[in-house]
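Participant: Please find start37.pdb (PDB, C-alpha atoms, pLDDT in the B column) on the next line:
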ATOM      1  CA  MET I  24     -46.434 -65.782-119.825  1.00 50.00           C
ATOM      2  CA  PRO I  25     -49.969 -64.871-120.618  1.00 54.00           C
ATOM      3  CA  ASP I  26     -51.138 -66.063-123.983  1.00 57.00           C
ATOM      4  CA  GLU I  27     -52.283 -63.671-126.706  1.00 59.00           C
ATOM      5  CA  SER I  28     -55.971 -64.371-126.245  1.00 66.00           C
ATOM      6  CA  SER I  29     -55.971 -63.254-122.598  1.00 67.00           C
ATOM      7  CA  ALA I  30     -53.931 -60.105-123.420  1.00 69.00           C
ATOM      8  CA  GLY I  31     -56.384 -59.281-126.206  1.00 84.00           C
ATOM      9  CA  LEU I  32     -59.294 -59.878-123.870  1.00 88.00           C
ATOM     10  CA  PHE I  33     -57.813 -57.531-121.255  1.00 88.00           C
ATOM     11  CA  GLU I  34     -57.179 -54.775-123.840  1.00 89.00           C
ATOM     12  CA  ARG I  35     -60.713 -55.092-125.209  1.00 89.00           C
ATOM     13  CA  SER I  36     -62.255 -54.885-121.741  1.00 90.00           C
ATOM     14  CA  VAL I  37     -60.172 -51.794-120.825  1.00 90.00           C
ATOM     15  CA  HIS I  38     -61.140 -50.191-124.118  1.00 90.00           C
ATOM     16  CA  LYS I  39     -64.843 -50.880-123.473  1.00 90.00           C
ATOM     17  CA  LEU I  40     -64.569 -49.473-119.949  1.00 90.00           C
ATOM     18  CA  LEU I  41     -62.938 -46.276-121.222  1.00 89.00           C
ATOM     19  CA  ALA I  42     -65.562 -45.946-123.947  1.00 90.00           C
ATOM     20  CA  PHE I  43     -68.296 -46.413-121.333  1.00 90.00           C
ATOM     21  CA  VAL I  44     -66.858 -43.560-119.232  1.00 89.00           C
ATOM     22  CA  ASP I  45     -65.898 -41.324-122.142  1.00 90.00           C
ATOM     23  CA  ALA I  46     -69.113 -41.539-124.195  1.00 90.00           C
ATOM     24  CA  PRO I  47     -71.335 -39.409-121.897  1.00 91.00           C
ATOM     25  CA  VAL I  48     -68.601 -36.811-121.386  1.00 91.00           C
ATOM     26  CA  THR I  49     -67.999 -36.476-125.115  1.00 92.00           C
ATOM     27  CA  ALA I  50     -71.728 -36.274-125.846  1.00 93.00           C
ATOM     28  CA  PHE I  51     -72.202 -33.538-123.231  1.00 93.00           C
ATOM     29  CA  LYS I  52     -69.269 -31.560-124.634  1.00 91.00           C
ATOM     30  CA  GLU I  53     -70.469 -31.810-128.229  1.00 92.00           C
ATOM     31  CA  LYS I  54     -74.119 -31.062-127.409  1.00 93.00           C
ATOM     32  CA  PHE I  55     -73.777 -28.257-124.848  1.00 90.00           C
ATOM     33  CA  VAL I  56     -70.256 -26.874-124.432  1.00 89.00           C
ATOM     34  CA  ASP I  57     -69.118 -26.541-128.055  1.00 88.00           C
ATOM     35  CA  PRO I  58     -72.225 -24.595-129.259  1.00 89.00           C
ATOM     36  CA  ILE I  59     -71.887 -22.118-126.397  1.00 86.00           C
ATOM     37  CA  GLN I  60     -68.171 -21.632-127.009  1.00 83.00           C
ATOM     38  CA  SER I  61     -68.674 -21.174-130.752  1.00 83.00           C
ATOM     39  CA  LYS I  62     -71.075 -18.278-130.069  1.00 82.00           C
ATOM     40  CA  ASN I  63     -68.698 -16.520-127.659  1.00 77.00           C
ATOM     41  CA  LYS I  64     -65.321 -16.846-129.362  1.00 74.00           C
ATOM     42  CA  LEU I  65     -62.652 -14.931-127.448  1.00 70.00           C
ATOM     43  CA  TYR I  66     -59.118 -14.586-128.628  1.00 69.00           C
ATOM     44  CA  TYR I  67     -56.596 -13.976-125.917  1.00 67.00           C
ATOM     45  CA  TYR I  68     -53.355 -13.330-127.775  1.00 71.00           C
ATOM     46  CA  HIS I  69     -53.261  -9.536-127.646  1.00 71.00           C
ATOM     47  CA  ARG I  70     -55.395  -6.516-127.125  1.00 73.00           C
ATOM     48  CA  ARG I  71     -56.212  -4.297-130.077  1.00 75.00           C
ATOM     49  CA  TYR I  72     -56.462  -0.607-129.422  1.00 75.00           C
ATOM     50  CA  ARG I  73     -58.224   1.693-131.830  1.00 82.00           C
ATOM     51  CA  ARG I  74     -55.976   4.235-133.507  1.00 87.00           C
ATOM     52  CA  VAL I  75     -56.390   7.663-131.972  1.00 89.00           C
ATOM     53  CA  PRO I  76     -55.656  11.030-133.568  1.00 89.00           C
ATOM     54  CA  THR I  77     -51.982  11.922-133.741  1.00 90.00           C
ATOM     55  CA  ILE I  78     -50.560  14.979-132.006  1.00 92.00           C
ATOM     56  CA  ASP I  79     -50.771  17.107-135.160  1.00 91.00           C
ATOM     57  CA  GLU I  80     -54.537  16.474-135.294  1.00 92.00           C
ATOM     58  CA  CYS I  81     -55.135  17.567-131.674  1.00 92.00           C
ATOM     59  CA  ALA I  82     -56.133  21.070-130.650  1.00 93.00           C
ATOM     60  CA  VAL I  83     -53.609  22.891-128.469  1.00 91.00           C
ATOM     61  CA  SER I  84     -55.962  23.007-125.475  1.00 93.00           C
ATOM     62  CA  ASP I  85     -57.356  19.462-125.849  1.00 93.00           C
ATOM     63  CA  ALA I  86     -55.621  17.656-122.986  1.00 94.00           C
ATOM     64  CA  VAL I  87     -57.504  14.389-123.515  1.00 95.00           C
ATOM     65  CA  CYS I  88     -56.518  14.187-127.182  1.00 94.00           C
ATOM     66  CA  ILE I  89     -52.889  14.962-126.330  1.00 94.00           C
ATOM     67  CA  PHE I  90     -52.901  12.282-123.620  1.00 94.00           C
ATOM     68  CA  GLU I  91     -54.360   9.695-126.026  1.00 94.00           C
ATOM     69  CA  ALA I  92     -51.814  10.634-128.698  1.00 94.00           C
ATOM     70  CA  ASN I  93     -49.037  10.255-126.135  1.00 93.00           C
ATOM     71  CA  GLU I  94     -50.280   6.808-125.097  1.00 92.00           C
ATOM     72  CA  GLN I  95     -50.567   5.763-128.759  1.00 93.00           C
ATOM     73  CA  TYR I  96     -47.009   6.960-129.331  1.00 93.00           C
ATOM     74  CA  ARG I  97     -45.775   4.932-126.348  1.00 92.00           C
ATOM     75  CA  ARG I  98     -47.560   1.802-127.616  1.00 91.00           C
ATOM     76  CA  ASP I  99     -46.064   2.309-131.087  1.00 92.00           C
ATOM     77  CA  LYS I 100     -42.614   2.783-129.577  1.00 93.00           C
ATOM     78  CA  HIS I 101     -42.976  -0.409-127.553  1.00 93.00           C
ATOM     79  CA  VAL I 102     -44.002  -2.340-130.680  1.00 93.00           C
ATOM     80  CA  ASP I 103     -41.079  -0.890-132.654  1.00 94.00           C
ATOM     81  CA  ASP I 104     -38.708  -1.784-129.803  1.00 95.00           C
ATOM     82  CA  GLU I 105     -39.899  -5.386-129.868  1.00 96.00           C
ATOM     83  CA  ILE I 106     -39.630  -5.613-133.665  1.00 96.00           C
ATOM     84  CA  LEU I 107     -36.068  -4.309-133.470  1.00 97.00           C
ATOM     85  CA  ALA I 108     -35.247  -6.803-130.708  1.00 97.00           C
ATOM     86  CA  ILE I 109     -36.572  -9.671-132.837  1.00 97.00           C
ATOM     87  CA  LEU I 110     -34.523  -8.559-135.851  1.00 97.00           C
ATOM     88  CA  ARG I 111     -31.431  -8.181-133.656  1.00 97.00           C
ATOM     89  CA  GLN I 112     -31.931 -11.678-132.267  1.00 97.00           C
ATOM     90  CA  ARG I 113     -32.318 -13.109-135.786  1.00 96.00           C
ATOM     91  CA  ARG I 114     -29.087 -11.461-136.865  1.00 96.00           C
ATOM     92  CA  LEU I 115     -27.181 -12.710-133.818  1.00 96.00           C
ATOM     93  CA  GLU I 116     -28.496 -16.253-134.228  1.00 96.00           C
ATOM     94  CA  CYS I 117     -27.604 -16.264-137.916  1.00 95.00           C
ATOM     95  CA  GLU I 118     -24.093 -14.963-137.204  1.00 95.00           C
ATOM     96  CA  HIS I 119     -23.618 -17.512-134.438  1.00 95.00           C
ATOM     97  CA  TYR I 120     -24.874 -20.385-136.593  1.00 94.00           C
ATOM     98  CA  HIS I 121     -22.817 -19.554-139.697  1.00 93.00           C
ATOM     99  CA  GLY I 122     -19.705 -18.356-137.877  1.00 91.00           C
ATOM    100  CA  HIS I 123     -17.041 -17.161-140.332  1.00 92.00           C
ATOM    101  CA  ASP I 124     -19.430 -17.418-143.292  1.00 92.00           C
ATOM    102  CA  ALA I 125     -21.941 -15.037-141.699  1.00 90.00           C
ATOM    103  CA  GLY I 126     -21.124 -12.268-144.174  1.00 89.00           C
ATOM    104  CA  LYS I 127     -22.133 -14.581-146.993  1.00 91.00           C
ATOM    105  CA  TYR I 128     -25.262 -16.190-145.520  1.00 94.00           C
ATOM    106  CA  CYS I 129     -26.582 -13.473-143.205  1.00 94.00           C
ATOM    107  CA  LYS I 130     -26.420 -10.522-145.586  1.00 95.00           C
ATOM    108  CA  LYS I 131     -30.213 -10.078-145.953  1.00 95.00           C
ATOM    109  CA  VAL I 132     -30.845 -10.453-142.207  1.00 96.00           C
ATOM    110  CA  THR I 133     -28.112  -7.935-141.396  1.00 95.00           C
ATOM    111  CA  GLU I 134     -29.383  -5.443-143.995  1.00 96.00           C
ATOM    112  CA  ASP I 135     -32.924  -5.700-142.620  1.00 95.00           C
ATOM    113  CA  TYR I 136     -31.677  -5.124-139.085  1.00 96.00           C
ATOM    114  CA  LEU I 137     -29.486  -2.150-140.020  1.00 96.00           C
ATOM    115  CA  GLU I 138     -32.290  -0.530-142.013  1.00 96.00           C
ATOM    116  CA  SER I 139     -34.745  -0.993-139.145  1.00 96.00           C
ATOM    117  CA  GLU I 140     -32.196   0.292-136.655  1.00 95.00           C
ATOM    118  CA  GLY I 141     -31.678   3.450-138.732  1.00 93.00           C
ATOM    119  CA  ASN I 142     -35.422   3.988-139.053  1.00 92.00           C
ATOM    120  CA  TRP I 143     -35.881   3.466-135.311  1.00 93.00           C
ATOM    121  CA  PHE I 144     -33.151   5.986-134.531  1.00 92.00           C
ATOM    122  CA  ALA I 145     -34.625   8.509-136.976  1.00 89.00           C
ATOM    123  CA  LYS I 146     -37.949   8.272-135.145  1.00 90.00           C
ATOM    124  CA  TYR I 147     -36.994   7.708-131.487  1.00 90.00           C
ATOM    125  CA  GLY I 148     -33.276   8.446-131.150  1.00 88.00           C
ATOM    126  CA  ASP I 149     -31.906  11.422-129.176  1.00 87.00           C
ATOM    127  CA  LEU I 150     -35.204  11.984-127.366  1.00 88.00           C
ATOM    128  CA  GLY I 151     -33.922  11.155-123.894  1.00 84.00           C
ATOM    129  CA  GLY I 152     -35.402   9.033-121.155  1.00 82.00           C
ATOM    130  CA  THR I 153     -38.709  10.842-120.829  1.00 85.00           C
ATOM    131  CA  VAL I 154     -40.284  10.247-124.198  1.00 83.00           C
ATOM    132  CA  ASP I 155     -43.140  12.551-125.064  1.00 89.00           C
ATOM    133  CA  VAL I 156     -45.126  12.747-128.275  1.00 92.00           C
ATOM    134  CA  ARG I 157     -44.551  16.513-128.486  1.00 92.00           C
ATOM    135  CA  LYS I 158     -40.772  16.057-128.457  1.00 92.00           C
ATOM    136  CA  ALA I 159     -41.025  13.403-131.158  1.00 92.00           C
ATOM    137  CA  TYR I 160     -43.277  15.625-133.266  1.00 93.00           C
ATOM    138  CA  MET I 161     -40.831  18.524-132.976  1.00 92.00           C
ATOM    139  CA  LYS I 162     -37.972  16.207-133.914  1.00 91.00           C
ATOM    140  CA  GLN I 163     -39.887  15.091-136.993  1.00 91.00           C
ATOM    141  CA  LYS I 164     -40.675  18.698-137.926  1.00 93.00           C
ATOM    142  CA  HIS I 165     -37.037  19.788-137.579  1.00 91.00           C
ATOM    143  CA  ARG I 166     -35.870  16.799-139.603  1.00 90.00           C
ATOM    144  CA  MET I 167     -38.308  17.607-142.407  1.00 91.00           C
ATOM    145  CA  LEU I 168     -37.171  21.232-142.459  1.00 92.00           C
ATOM    146  CA  TRP I 169     -33.528  20.136-142.590  1.00 89.00           C
ATOM    147  CA  GLU I 170     -34.217  17.758-145.467  1.00 88.00           C
ATOM    148  CA  ARG I 171     -36.085  20.444-147.377  1.00 90.00           C
ATOM    149  CA  ARG I 172     -33.184  22.874-147.038  1.00 88.00           C
ATOM    150  CA  HIS I 173     -30.134  20.598-147.129  1.00 87.00           C
ATOM    151  CA  GLY I 174     -31.161  17.193-148.463  1.00 84.00           C
ATOM    152  CA  PRO I 175     -31.293  13.894-146.572  1.00 83.00           C
ATOM    153  CA  VAL I 176     -29.733  13.830-143.130  1.00 79.00           C
ATOM    154  CA  GLY I 177     -26.204  12.483-143.238  1.00 77.00           C
ATOM    155  CA  THR I 178     -25.336  13.757-146.709  1.00 80.00           C
ATOM    156  CA  GLY I 179     -23.909  17.083-145.521  1.00 78.00           C
ATOM    157  CA  MET I 180     -25.168  20.600-145.917  1.00 77.00           C
ATOM    158  CA  LYS I 181     -25.870  22.068-149.316  1.00 74.00           C
ATOM    159  CA  THR I 182     -23.825  25.146-149.984  1.00 72.00           C
ATOM    160  CA  ARG I 183     -25.455  28.073-151.646  1.00 66.00           C
ATOM    161  CA  LYS I 184     -24.055  28.927-155.015  1.00 64.00           C
ATOM    162  CA  LEU I 185     -23.340  32.575-155.454  1.00 55.00           C
ATOM    163  CA  SER I 186     -24.793  33.999-158.596  1.00 58.00           C
ATOM    164  CA  ASP I 187     -22.776  36.146-160.980  1.00 56.00           C
ATOM    165  CA  SER I 188     -24.633  39.314-159.925  1.00 56.00           C
ATOM    166  CA  ASP I 189     -23.457  39.024-156.264  1.00 49.00           C
TER     167      ASP I 189
END
Starting from the file, lay out its structure as structure tokens.

Facilitator:
Amino acid sequence: MPDESSAGLFERSVHKLLAFVDAPVTAFKEKFVDPIQSKNKLYYYHRRYRRVPTIDECAVSDAVCIFEANEQYRRDKHVDDEILAILRQRRLECEHYHGHDAGKYCKKVTEDYLESEGNWFAKYGDLGGTVDVRKAYMKQKHRMLWERRHGPVGTGMKTRKLSDSD
């Protein structure tokens, strides 16, 4: 068995050797690499697109504006799809974790998911496989007209009351 003094001597010599090798590398990094990197900070997590005019702001004959609005709509739909998938996954994990008590403990998660699902369907539902910003805009317009005439969708049609003079 080696005694403690020789083990301590070995550890100290290895430590000094590593410090001898590491000191120039660390000095170079701190003096040259870090200042250059601090000037040119790049973040790689996601790309940010500028918001473009929506379809209602585009002229009828402006094909470039309509194309940009369509691409913006597709990006927004993709983001909304991912948000809905995350909320769905949270609900499923909560229900799986709590089992029979899921109704008690997962109420807020389930309500958030159902509300988001309804909002997603109001915006993107029944548009078919080929999603186009014009179709979505027409859907929104028809929904607004319906709500003006009959109240919120899903509450039934208002019936006109006949006046006494009719």

Participant: Quick one: everything within 7 Å of Leu110 (chain I), counting all atoms listed in the file, minus sequence neighbours fewer than 4 positions away in the same chain. Send it as number ranges by chain.

Facilitator: I: 106, 114, 136

Participant: CA of Val156 (chain I) and CA of Ser84 (chain I), how far apart in Å?

Facilitator: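 Calculated distance between CA of Ser84 (chain I) and CA of Val156 (chain I) is 15.2 Å.
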
Participant: Evaluate the PyMOL selection byres ((chain I and resi 90) around 12) here and jot the selected residues down as a PyMOL selection string.

Facilitator: chain I and resi 75-78+81-89+91-97+155-157

Participant: For the structure shown, which residues end up in the PyMOL selection byres ((chain I and resi 113) around 12)? Put them as a list in words, please?

Facilitator: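 Selected by the PyMOL selection byres ((chain I and resi 113) around 12) here: Ile106, Leu107, Ala108, Ile109, Leu110, Arg111, Gln112, Arg114, Leu115, Glu116, Cys117, Glu118, His119, Tyr120, Cys129, Lys130, Lys131, Val132, Thr133, Glu134, Asp135 and Tyr136 of chain I.
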
Participant: Please, what distance in Å, to one decimal, runs between CA of Trp169 (chain I) and CA of Thr182 (chain I)?

Facilitator: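 Going from CA of Trp169 (chain I) over to CA of Thr182 (chain I), I get 13.2 Å.
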
Participant: Report the distance between CA of Arg74 (chain I) and CA of Gln163 (chain I) in Å, rounded to one decimal place.

Facilitator: 19.7 Å
